[in-house]
Structures are given as structure tokens and as C-alpha cells.
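Data file: entry-v2.txt. Format and content: compact mmCIF, C-alpha atoms.
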# COMPACT_ATOMS: atom_id res chain seq x y z
CA MET W 1 10.28 -24.46 -9.06
CA GLU W 2 7.14 -25.36 -10.92
CA LYS W 3 7.87 -26.53 -14.45
CA GLY W 4 7.30 -23.84 -17.00
CA THR W 5 7.87 -20.87 -14.69
CA THR W 6 8.49 -17.79 -16.84
CA LEU W 7 10.52 -14.76 -15.79
CA LEU W 8 10.47 -11.44 -17.64
CA VAL W 9 13.72 -9.44 -17.51
CA VAL W 10 13.29 -5.74 -18.42
CA ASP W 11 16.69 -4.02 -18.62
CA ASP W 12 18.33 -1.86 -21.29
CA ASP W 13 21.74 -3.38 -20.47
CA VAL W 14 21.96 -6.01 -23.21
CA ASN W 15 25.00 -7.71 -21.69
CA LEU W 16 23.39 -8.05 -18.26
CA SER W 17 20.12 -9.28 -19.79
CA SER W 18 22.02 -11.93 -21.74
CA ALA W 19 23.92 -13.05 -18.64
CA LEU W 20 20.68 -13.23 -16.66
CA ARG W 21 19.03 -15.27 -19.39
CA ILE W 22 21.88 -17.80 -19.50
CA TYR W 23 22.14 -18.16 -15.72
CA LEU W 24 18.42 -18.32 -14.98
CA GLU W 25 17.69 -20.72 -17.84
CA ARG W 26 20.26 -23.04 -16.26
CA GLN W 27 18.15 -22.84 -13.09
CA GLY W 28 15.20 -24.18 -15.11
CA TYR W 29 13.27 -20.98 -15.82
CA ASN W 30 11.86 -19.78 -19.12
CA ILE W 31 13.27 -16.29 -19.74
CA LEU W 32 11.80 -13.39 -21.71
CA CYS W 33 14.01 -10.31 -22.24
CA ALA W 34 12.89 -6.78 -23.08
CA HIS W 35 15.34 -3.90 -23.46
CA ASP W 36 12.93 -1.07 -22.69
CA ALA W 37 9.89 -0.66 -20.49
CA ARG W 38 7.33 -0.42 -23.29
CA ALA W 39 8.46 -3.72 -24.78
CA GLY W 40 8.39 -5.19 -21.30
CA LEU W 41 4.79 -4.11 -20.77
CA GLN W 42 3.86 -5.64 -24.12
CA PHE W 43 5.46 -8.95 -23.08
CA LEU W 44 3.63 -8.74 -19.76
CA TYR W 45 0.29 -8.35 -21.50
CA GLU W 46 0.90 -11.05 -24.13
CA ARG W 47 2.85 -13.69 -22.21
CA ARG W 48 1.73 -13.30 -18.57
CA PRO W 49 5.07 -14.12 -16.88
CA ASP W 50 5.22 -15.44 -13.31
CA LEU W 51 7.69 -12.78 -12.14
CA VAL W 52 9.22 -9.56 -13.48
CA ILE W 53 12.84 -8.47 -12.95
CA LEU W 54 12.70 -4.74 -13.63
CA ASP W 55 15.56 -2.26 -13.98
CA ILE W 56 14.97 1.31 -12.81
CA MET W 57 17.33 3.38 -14.98
CA MET W 58 16.01 3.01 -18.52
CA PRO W 59 15.45 5.59 -21.29
CA ASN W 60 12.01 6.90 -22.30
CA MET W 61 10.10 5.13 -19.50
CA ASP W 62 11.94 4.39 -16.28
CA GLY W 63 11.33 1.48 -13.92
CA TRP W 64 9.26 3.57 -11.52
CA GLU W 65 6.65 4.33 -14.19
CA ALA W 66 6.79 0.75 -15.48
CA CYS W 67 6.17 -0.56 -11.96
CA ARG W 68 3.14 1.73 -11.59
CA ARG W 69 1.69 0.49 -14.87
CA ILE W 70 2.35 -3.15 -14.02
CA ARG W 71 0.52 -2.73 -10.72
CA GLU W 72 -2.46 -1.27 -12.59
CA LEU W 73 -2.63 -4.49 -14.63
CA THR W 74 -1.61 -7.31 -12.32
CA SER W 75 -0.23 -8.37 -8.95
CA VAL W 76 2.63 -10.34 -10.59
CA PRO W 77 5.71 -10.33 -8.32
CA ILE W 78 8.32 -7.68 -9.17
CA ILE W 79 12.00 -7.56 -8.24
CA MET W 80 13.53 -4.15 -8.99
CA LEU W 81 17.17 -3.64 -10.00
CA THR W 82 19.20 -0.46 -9.79
CA ALA W 83 22.79 0.71 -9.87
CA ARG W 84 22.01 3.14 -7.12
CA GLY W 85 22.49 2.27 -3.48
CA GLN W 86 20.47 5.02 -1.83
CA GLU W 87 17.89 3.95 0.69
CA GLU W 88 15.28 6.24 -0.89
CA ASP W 89 15.33 4.17 -4.10
CA LYS W 90 14.48 1.06 -2.13
CA VAL W 91 11.69 2.91 -0.35
CA THR W 92 10.27 4.22 -3.64
CA GLY W 93 10.32 0.80 -5.28
CA LEU W 94 8.62 -0.96 -2.41
CA LYS W 95 6.03 1.80 -2.05
CA LEU W 96 5.17 1.50 -5.74
CA GLY W 97 4.39 -2.18 -5.32
CA ALA W 98 7.66 -4.05 -5.87
CA ASP W 99 8.12 -7.25 -3.85
CA ASP W 100 11.89 -7.09 -3.58
CA TYR W 101 14.84 -4.93 -4.54
CA MET W 102 18.49 -5.56 -5.47
CA VAL W 103 21.37 -3.15 -5.98
CA LYS W 104 23.84 -3.65 -8.83
CA PRO W 105 26.35 -5.20 -8.89
CA PHE W 106 24.86 -8.37 -7.41
CA SER W 107 25.75 -12.03 -7.62
CA MET W 108 23.66 -14.20 -9.93
CA ARG W 109 23.32 -16.71 -7.12
CA GLU W 110 21.85 -14.09 -4.79
CA LEU W 111 19.37 -12.96 -7.44
CA ALA W 112 18.34 -16.57 -8.08
CA GLU W 113 17.74 -17.03 -4.35
CA ARG W 114 15.60 -13.90 -4.24
CA VAL W 115 13.63 -15.06 -7.28
CA LYS W 116 13.02 -18.41 -5.61
CA ALA W 117 11.91 -16.75 -2.36
CA VAL W 118 9.51 -14.34 -4.09
CA LEU W 119 7.98 -17.11 -6.21
CA ARG W 120 7.61 -19.28 -3.12
CA ARG W 121 5.66 -16.55 -1.33
CA ALA W 122 3.47 -15.96 -4.37
CA ALA W 123 2.68 -19.66 -4.70
CA GLN W 124 1.93 -20.40 -1.05
CA PRO W 125 -1.81 -20.34 -0.44
CA ASN W 126 -3.16 -18.95 2.77
CA GLN W 127 -4.18 -21.94 4.87
CA PRO W 128 -7.72 -21.14 5.99
CA ASP W 129 -9.14 -21.99 9.39
CA ASP W 130 -12.83 -22.00 10.19
CA GLY W 131 -14.07 -18.47 10.61
CA GLU W 132 -10.97 -16.79 9.21
CA GLN W 133 -12.72 -13.58 8.41
CA TYR W 134 -12.79 -10.08 9.79
CA SER W 135 -15.49 -7.50 9.16
CA ASP W 136 -16.57 -4.16 10.52
CA SER W 137 -18.65 -1.28 9.22
CA ASP W 138 -16.10 -0.36 6.54
CA LEU W 139 -13.86 -3.39 6.03
CA LEU W 140 -14.20 -7.04 5.08
CA ILE W 141 -11.23 -9.42 5.04
CA ASP W 142 -11.85 -13.02 4.01
CA ILE W 143 -8.54 -14.86 4.17
CA ALA W 144 -9.82 -18.12 2.72
CA SER W 145 -11.07 -16.48 -0.47
CA ARG W 146 -8.35 -13.79 -0.51
CA THR W 147 -11.08 -11.15 -0.63
CA VAL W 148 -10.71 -7.66 0.82
CA VAL W 149 -13.42 -5.01 0.53
CA HIS W 150 -13.06 -1.47 1.91
CA ARG W 151 -16.05 0.85 1.94
CA ASP W 152 -17.87 -1.42 -0.53
CA GLU W 153 -14.96 -1.31 -3.02
CA PRO W 154 -12.81 -4.41 -3.74
CA VAL W 155 -9.18 -3.99 -2.76
CA ASP W 156 -6.42 -5.40 -4.97
CA LEU W 157 -3.57 -6.85 -2.94
CA THR W 158 -0.38 -8.49 -4.12
CA SER W 159 0.30 -11.99 -2.82
CA THR W 160 2.82 -10.62 -0.31
CA GLU W 161 0.40 -7.94 0.88
CA MET W 162 -2.29 -10.58 1.37
CA ARG W 163 0.03 -12.85 3.34
CA PHE W 164 1.13 -9.89 5.47
CA LEU W 165 -2.44 -8.82 6.20
CA ALA W 166 -3.55 -12.40 6.87
CA TYR W 167 -0.79 -12.84 9.45
CA LEU W 168 -1.86 -9.65 11.22
CA VAL W 169 -5.53 -10.65 11.20
CA ARG W 170 -4.75 -14.14 12.53
CA HIS W 171 -3.01 -12.43 15.46
CA ALA W 172 -5.60 -9.68 15.89
CA ASN W 173 -5.22 -7.48 18.98
CA ARG W 174 -1.80 -8.99 19.69
CA VAL W 175 1.55 -7.41 18.99
CA VAL W 176 3.52 -9.10 16.23
CA THR W 177 7.19 -8.22 15.92
CA HIS W 178 9.09 -7.22 12.81
CA GLU W 179 11.03 -10.48 13.09
CA GLN W 180 7.85 -12.59 13.23
CA LEU W 181 6.45 -10.87 10.16
CA LEU W 182 9.68 -11.17 8.20
CA HIS W 183 10.06 -14.85 9.06
CA HIS W 184 6.46 -15.88 8.36
CA VAL W 185 5.72 -13.61 5.38
CA TRP W 186 9.07 -13.26 3.58
CA GLY W 187 11.15 -16.13 4.92
CA LYS W 188 14.22 -16.58 7.08
CA GLU W 189 16.43 -14.93 4.43
CA TYR W 190 14.85 -11.55 5.22
CA VAL W 191 14.99 -11.48 9.03
CA GLY W 192 16.61 -8.20 10.02
CA GLU W 193 15.35 -6.22 7.01
CA THR W 194 12.71 -4.27 8.92
CA GLU W 195 12.24 -1.71 6.14
CA TYR W 196 10.14 -4.35 4.35
CA THR W 197 7.62 -4.52 7.19
CA LYS W 198 7.48 -0.73 7.51
CA LEU W 199 6.85 -0.20 3.82
CA PHE W 200 4.30 -2.99 3.46
CA VAL W 201 2.40 -1.59 6.44
CA TRP W 202 2.44 1.77 4.64
CA ARG W 203 1.06 0.09 1.49
CA LEU W 204 -1.69 -1.71 3.39
CA ARG W 205 -2.71 1.44 5.24
CA GLN W 206 -3.23 3.22 1.91
CA LYS W 207 -5.68 0.47 0.95
CA ILE W 208 -7.64 -0.41 4.11
CA GLU W 209 -7.47 2.54 6.49
CA ASN W 210 -10.12 5.26 6.35
CA ASP W 211 -7.34 7.76 7.06
CA PRO W 212 -3.89 6.29 6.38
CA GLN W 213 -2.28 9.20 8.23
CA VAL W 214 -4.17 8.28 11.40
CA PRO W 215 -4.35 4.47 11.24
CA GLN W 216 -6.95 2.75 13.40
CA ARG W 217 -6.61 -0.87 12.19
CA ILE W 218 -2.87 -1.44 11.78
CA VAL W 219 -1.22 0.41 14.63
CA THR W 220 2.48 0.72 15.31
CA GLU W 221 3.99 -0.61 18.50
CA ARG W 222 7.07 1.55 18.41
CA GLY W 223 10.33 -0.32 18.40
CA VAL W 224 8.57 -3.70 18.40
CA GLY W 225 6.18 -4.22 15.51
CA TYR W 226 2.46 -3.87 14.74
CA ARG W 227 -0.99 -4.81 16.00
CA PHE W 228 -4.18 -5.34 14.00
CA VAL W 229 -6.98 -3.78 16.07
CA THR W 230 -10.51 -5.09 15.71
CA GLU W 231 -13.40 -2.66 15.94
Structure translated into C-alpha cells:
Amino acid sequence: MEKGTTLLVVDDDVNLSSALRIYLERQGYNILCAHDARAGLQFLYERRPDLVILDIMMPNMDGWEACRRIRELTSVPIIMLTARGQEEDKVTGLKLGADDYMVKPFSMRELAERVKAVLRRAAQPNQPDDGEQYSDSDLLIDIASRTVVHRDEPVDLTSTEMRFLAYLVRHANRVVTHEQLLHHVWGKEYVGETEYTKLFVWRLRQKIENDPQVPQRIVTERGVGYRFVTE
């Protein structure tokens, strides 16, 4: 990892936070720990960490609300943690803007691998080609400058959302499979986890479709994947 990479751990479990600090510092990261969401948001504002590890079940302000507030401030990568195993928790976290999700109990090694993968995606620039731009009457996508404008309003995308959209645009009017998207956007560790592609398509549709319920740009090829349709 890049020297000086800072991770913010927000979890009211003091023992787990301490264990995470010890393990991740041994991996070369700088670790900040907050034991409630409000303190975590203060750290986020003051210290600008490179990634947030965010627990869901916390008193006063839970991880869902904290995730919403973080996304209002920044596109910093977020990995959510929860003791629950229900699929709906994963869906909620990813819809709110999280980049990844882990269910407790988890191995420290697995978390470290997920941290590395998320940071890698965030750090990888989109490699521009000549003319890598799409525009129509309502939408402008400039991959080289990471600029997206919908109906004359700038669109904020996380690094993963931008990589996802860029891959679709580069393959405009062609079907791309879930496996292709997972491999090229998330990495080989995620192949098979198709809920990621489904939920990131949902997120993108909220931001670039005129009517997200009747998508015209990112259309579903049922059972296969998606296609970005040019006007």
C-alpha cells in the first residue's frame, strides 16, 4: 500500500477496535479508532482518512445514518461491518454507498484483503483513450476527467461507481456479463458475487437515469448482465 495510508475504524466494540488497530498497523496502515458514529464523523472531517471501516450496530447513531452522512461529505471508500447475516443488511449498506460489506465474525486476514482490494480500486485511475466521452441531450460522461453531468447538474460518483460506469461506457451497446464487471471493476476476489453488480447498477440508475424505474441507459440483460445504450 501507499506509505501513510490511514484507515478509520468506527465501532463501539472496544476490544474489536483494539484488535483491528494492532493487526492493521502490522500491515503498515495508520489507524484511527472512534467508538461512536459522531466521533467517527469528526475524525473523518479533521483527518481525511483513505478508507472507513464502519460498524452498523452502534448506539445513538447507527452505521446506516453514518454512511449516509459520510456520502454527503465525501466519496471515501467504506467497508461496513455487522453481526447480522441477513441479505437485506448487505443490500441496505451497498445501496447507501458502501463499497464492501463483511459479516462478523470474520478473519483479520480476510478483512485485510478486502481493505487492500477496495484501496486498490480507489487508487486505480481510469486509463483514458482518445474520445472517451459520451453525451446526449441529458447526460455527459467524460471518463478521462471523471466528470458526469446529468440534466446540467454535476453527479458525484464514488471511485467504484465511476469505474463501473466507465466499463459500461467503453463497451457501449454491447452486453457485459456480471463476471466481466466483477473481474474488471472489483477484482478476481469478487467473481461470483453478483449482488454487487445489481446494487451498483441500482445506484447508478438513481444518478444518471431520467426515470430510474424505467431505465433507458443501463438496461438489464436478464440472466446475463447489462448493456449501456447510447441515444
Q. For the point (8.8, -13.6, -17.0) in file coordinates, what residues are within 12 Å, counting all atoms listed in the file? Give the answer as a ChimeraX atom specification?
A. /W:4-10,20-21,24-25,29-34,40-54,76-79,115,119
Export C-alpha atoms of the chosen residues as a compact mmCIF listing (two decimals), in the frame of the given file?
# COMPACT_ATOMS: atom_id res chain seq x y z
CA GLY W 4 7.30 -23.84 -17.00
CA THR W 5 7.87 -20.87 -14.69
CA THR W 6 8.49 -17.79 -16.84
CA LEU W 7 10.52 -14.76 -15.79
CA LEU W 8 10.47 -11.44 -17.64
CA VAL W 9 13.72 -9.44 -17.51
CA VAL W 10 13.29 -5.74 -18.42
CA LEU W 20 20.68 -13.23 -16.66
CA ARG W 21 19.03 -15.27 -19.39
CA LEU W 24 18.42 -18.32 -14.98
CA GLU W 25 17.69 -20.72 -17.84
CA TYR W 29 13.27 -20.98 -15.82
CA ASN W 30 11.86 -19.78 -19.12
CA ILE W 31 13.27 -16.29 -19.74
CA LEU W 32 11.80 -13.39 -21.71
CA CYS W 33 14.01 -10.31 -22.24
CA ALA W 34 12.89 -6.78 -23.08
CA GLY W 40 8.39 -5.19 -21.30
CA LEU W 41 4.79 -4.11 -20.77
CA GLN W 42 3.86 -5.64 -24.12
CA PHE W 43 5.46 -8.95 -23.08
CA LEU W 44 3.63 -8.74 -19.76
CA TYR W 45 0.29 -8.35 -21.50
CA GLU W 46 0.90 -11.05 -24.13
CA ARG W 47 2.85 -13.69 -22.21
CA ARG W 48 1.73 -13.30 -18.57
CA PRO W 49 5.07 -14.12 -16.88
CA ASP W 50 5.22 -15.44 -13.31
CA LEU W 51 7.69 -12.78 -12.14
CA VAL W 52 9.22 -9.56 -13.48
CA ILE W 53 12.84 -8.47 -12.95
CA LEU W 54 12.70 -4.74 -13.63
CA VAL W 76 2.63 -10.34 -10.59
CA PRO W 77 5.71 -10.33 -8.32
CA ILE W 78 8.32 -7.68 -9.17
CA ILE W 79 12.00 -7.56 -8.24
CA VAL W 115 13.63 -15.06 -7.28
CA LEU W 119 7.98 -17.11 -6.21
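Shortest separation to W:Val149 among W:Ala37, W:Val229, W:Met61, W:Ile208 occurs at residue W:Ile208, atoms counted being only C-alpha atoms.
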Q. Between atom CA of W:Ala83 and atom CA of W:Met57, what is the distance, to one decimal in Å?
A.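 Answer for the atom CA of W:Ala83 to atom CA of W:Met57 separation: 7.9 Å.
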**Q.** Between atom CA of W:Cys67 and atom CA of W:Ala98 - distance in Å to one decimal
**A.**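 A separation of 7.2 Å between them.
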Q: Pick out the closest residue to W:Val224 from this set: W:Arg114, W:Lys198, W:His171, W:Lys90. Count all atoms listed in the file.
A: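 The closest residue to W:Val224 is W:Lys198.
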**Q.** Point-to-point distance from atom CA of W:Glu221 to atom CA of W:Asp136, Å rounded to tenths
**A.**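 Atom CA of W:Asp136 lies 22.3 Å from atom CA of W:Glu221.
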Q. Between W:Ser18, W:Arg68, W:Asp138, W:Glu161, which has the minimum distance to W:Asp211 (counting only C-alpha atoms)?
A. W:Asp138
Q. Which one of W:Glu110, W:Glu72, W:Asp156, W:Asp99 sits closest to W:Leu199 if you count all atoms listed in the file?
A.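 Once distances to W:Leu199 are computed over all atoms listed in the file, the minimum belongs to W:Asp99.
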**Q.** Residues near stretch 184-190 of chain W, cut-off 7 Å, only C-alpha atoms, skip fewer than 5 positions along chain, as a VMD selection string
**A.** chain W and resid 121 163 to 164
Q: Give the answer as one residue: which of W:Ile143, W:Met58, W:Ala166, W:Ile70 has the shortest atom-to-atom distance to W:Leu181, using only C-alpha atoms?
A: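 Between W:Ile143, W:Met58, W:Ala166, W:Ile70, the residue approaching W:Leu181 most closely is W:Ala166.
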